[in-house]
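Single-structure report; data block below.
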Amino acid sequence: CPSSPKPPASPSEKCGVLNVTKITEHGKKVRKNWTSSWTVLQGSSLLFAKGQGGGTSWFGGSQSKPEFTVDLRGGSVEWASKDKSSKKHVIELKTRQGTELLIQSENDGLINDWFRTLQDTISTHAWE
Ligand code: I3S
């Protein structure tokens, strides 16, 4: 993902730019703050970095660090209902730690790919 082009859908590693906001943190509702994030799936972790990555190196630049990381193990994904957001193509991701995120892209092919990948990742790591 960082630099080497890979054949399609090695589901343990995937990256791209997505719009992301937390809606709940540790079980408490938080204010939405939609941010365009460079998003990397690595094993069962999903990492987000602010800003658009260039795609040439790790997180699009040697200095940029992941803003936050979520553990997908024991989590769930579903398509967000209309009352969660007025945006199109919104995934609702819930983690076992009580964090809820909305993940969105205007590109429906891209977001469908992410949806499948996240589902696959969650089921692959279900018994850890
Ligand atoms: O669920 P909400 O409260 O309608 O979410 C909107 C707000 O977060 C809004 O910002 P303010 O906190 O300044 O009201 C955002 O700009 C909107 O994008 C949020 O709604 P969408 O439907 O875009 O997720």
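Chain labels follow the order of the structure tokens: the first chain is A, the next B, and so on; residue numbering restarts at 1 in every chain, and ligands are counted from 1 in their shown order.
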Item to check | Contacts to ligand 1 at 8 Å cut-off (only C-alpha atoms and all ligand atoms) as a ChimeraX atom specification | outcome: /A:31-34,83-87
Requested write-out: C-alpha atoms of the selected residues, as a PDB file, in the first residue's frame:
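Result written to part.pdb:
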```pdb
ATOM      1  CA  ARG A  31     -19.642  16.518  17.831  1.00  0.00           C
ATOM      2  CA  LYS A  32     -19.185  15.636  14.201  1.00  0.00           C
ATOM      3  CA  ASN A  33     -16.064  16.912  12.535  1.00  0.00           C
ATOM      4  CA  TRP A  34     -15.820  15.636   8.975  1.00  0.00           C
ATOM      5  CA  ASP A  83     -30.670  10.106  10.238  1.00  0.00           C
ATOM      6  CA  LYS A  84     -26.938   9.622  10.859  1.00  0.00           C
ATOM      7  CA  SER A  85     -25.887  11.848   7.988  1.00  0.00           C
ATOM      8  CA  SER A  86     -27.290  13.687   5.010  1.00  0.00           C
ATOM      9  CA  LYS A  87     -24.319  12.556   2.942  1.00  0.00           C
TER      10      LYS A  87
END
```
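Using only C-alpha atoms, the contacts of stretch 39-52 of chain A at a cut-off of 6 Å, with sequence neighbours closer than 5 positions omitted, comprise Ser12, Glu13, Lys14, Cys15, Gly16, Val17, Pro66, Glu67, Phe68, Thr69, Val70, Asp71 and Leu72 of chain A.
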Output C-alpha atoms for every residue in that selection, as a PDB file, in the first residue's frame.
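Result written to selection25.pdb:
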```
ATOM      1  CA  SER A  12      -5.138  -7.067   4.930  1.00  0.00           C
ATOM      2  CA  GLU A  13      -3.805  -3.863   3.427  1.00  0.00           C
ATOM      3  CA  LYS A  14      -5.660  -1.064   1.770  1.00  0.00           C
ATOM      4  CA  CYS A  15      -5.382   2.691   1.695  1.00  0.00           C
ATOM      5  CA  GLY A  16      -7.035   5.749   0.293  1.00  0.00           C
ATOM      6  CA  VAL A  17      -8.584   9.091   1.046  1.00  0.00           C
ATOM      7  CA  PRO A  66      -1.576   8.650  12.127  1.00  0.00           C
ATOM      8  CA  GLU A  67      -4.127  10.880  13.774  1.00  0.00           C
ATOM      9  CA  PHE A  68      -5.932   7.973  15.311  1.00  0.00           C
ATOM     10  CA  THR A  69      -6.259   4.252  15.007  1.00  0.00           C
ATOM     11  CA  VAL A  70      -9.167   1.940  15.587  1.00  0.00           C
ATOM     12  CA  ASP A  71      -9.079  -1.746  16.292  1.00  0.00           C
ATOM     13  CA  LEU A  72     -11.558  -3.535  14.059  1.00  0.00           C
TER      14      LEU A  72
END
```
Checklist entry - Which of these residues is nearest to A:Thr124, using only C-alpha atoms: A:Lys28, A:Arg73, A:Lys88, A:Arg96? => result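 Checking each of A:Lys28, A:Arg73, A:Lys88, A:Arg96 against A:Thr124, counting only C-alpha atoms, the winner is A:Arg73.
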Closest contacts (stretch 16-55 of chain A/stretch 98-106 of chain A, max 7 Å, only C-alpha atoms) as CSV:
```
residue,atom,partner,partner_atom,distance
A:Leu18,CA,A:Ser105,CA,5.7
A:Asn19,CA,A:Gln104,CA,4.9
A:Val20,CA,A:Ile103,CA,4.6
A:Thr21,CA,A:Leu102,CA,5.3
A:Lys22,CA,A:Leu101,CA,4.3
A:Ile23,CA,A:Glu100,CA,5.5
A:Thr24,CA,A:Glu100,CA,4.8
A:Glu25,CA,A:Thr99,CA,4.4
A:His26,CA,A:Gly98,CA,4.5
A:Gly27,CA,A:Gly98,CA,4.6
```
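Each of A:Trp38, A:His89, A:Val77, A:Ser123 was checked against A:Gly109 using only C-alpha atoms; the smallest atom-to-atom distance is that of A:His89.
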Next on the checklist: Using only C-alpha atoms, can you tell me which of A:Ser37, A:Ser76, A:Gln119, A:Asn112 comes closest to A:Glu92?
Outcome noted: A:Ser76
